[in-house]
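The structure under discussion appears below in the form of structure tokens.
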Amino acid sequence: MSLGLDTFVGDPISGFTLESADYAAVGQRIARAGLPTVFIFEGGYAVAAVGVNAVNVLEGFVDFRPHPSLSNPPHNWSDIG
């Protein structure tokens with residue numbers, strides 16, 4: 001997974017609007033795919049926030065607990081809420 005944190009609202013070279021707290025939800029959505037995952041850091045230029053945002057993604061990914069009714073992981077991206 002390409003982990004480009006330049007989507008942060010405070011990034012000096014982008015126009016995205018993600019807040020630090022949003023990155024945990026990003027990690028959860030990635031985890032919901034139920035696939036083996038490797039994160040490759042690619043960028044993020046709001047130096048003071050890069051570490052916080054990266055940790056939030058990883059914590060969201062690790063802390064994800066699938067709903068008990070999900071006996072099988074999703075098979076298509078459209079199956080991921």
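Numbering starts fresh at 1 for the residues of each chain in the structure tokens, the chains themselves are lettered A, B, ... in the order given, and ligands are numbered from 1 as they appear.
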Test item, strand (DSSP E) assignment across segment 25-64 of chain A, answer as a PyMOL selection string:
chain A and resi 40-43
Val50 of chain A: which residues within 12 Å, counting only C-alpha atoms, same-chain residues fewer than 6 positions away excluded, as a JSON list (two decimals) with C-alpha atoms, in the first residue's frame?
```
[["chain", "number", "residue", "atom", "x", "y", "z"],
["A", 3, "LEU", "CA", 1.20, 5.49, 2.08],
["A", 4, "GLY", "CA", 1.32, 9.04, 0.79],
["A", 5, "LEU", "CA", 0.56, 11.36, 3.69],
["A", 6, "ASP", "CA", 0.54, 14.46, 1.52],
["A", 7, "THR", "CA", -3.26, 14.18, 1.70],
["A", 8, "PHE", "CA", -3.06, 15.99, 5.06],
["A", 9, "VAL", "CA", -4.80, 19.36, 5.27],
["A", 10, "GLY", "CA", -1.61, 21.05, 6.48],
["A", 11, "ASP", "CA", 0.65, 19.67, 3.76],
["A", 19, "GLU", "CA", -7.18, 15.76, 9.35],
["A", 20, "SER", "CA", -4.87, 13.67, 11.55],
["A", 23, "TYR", "CA", -6.02, 8.55, 9.09],
["A", 41, "PHE", "CA", 5.91, 5.43, 2.82],
["A", 42, "GLU", "CA", 5.92, 7.78, -0.16],
["A", 43, "GLY", "CA", 5.52, 11.28, 1.09],
["A", 44, "GLY", "CA", 4.06, 13.88, 3.29],
["A", 56, "ASN", "CA", -2.84, 6.81, 13.06],
["A", 57, "VAL", "CA", -3.00, 4.78, 9.82]]
```
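Coordinates place atom CA of Leu58 of chain A at a distance of 9.7 Å from atom CA of Ala31 of chain A.
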I'd like the interatomic distance between atom CA of Val47 of chain A and atom CA of Ala25 of chain A, to a tenth of an Å.
21.1 Å
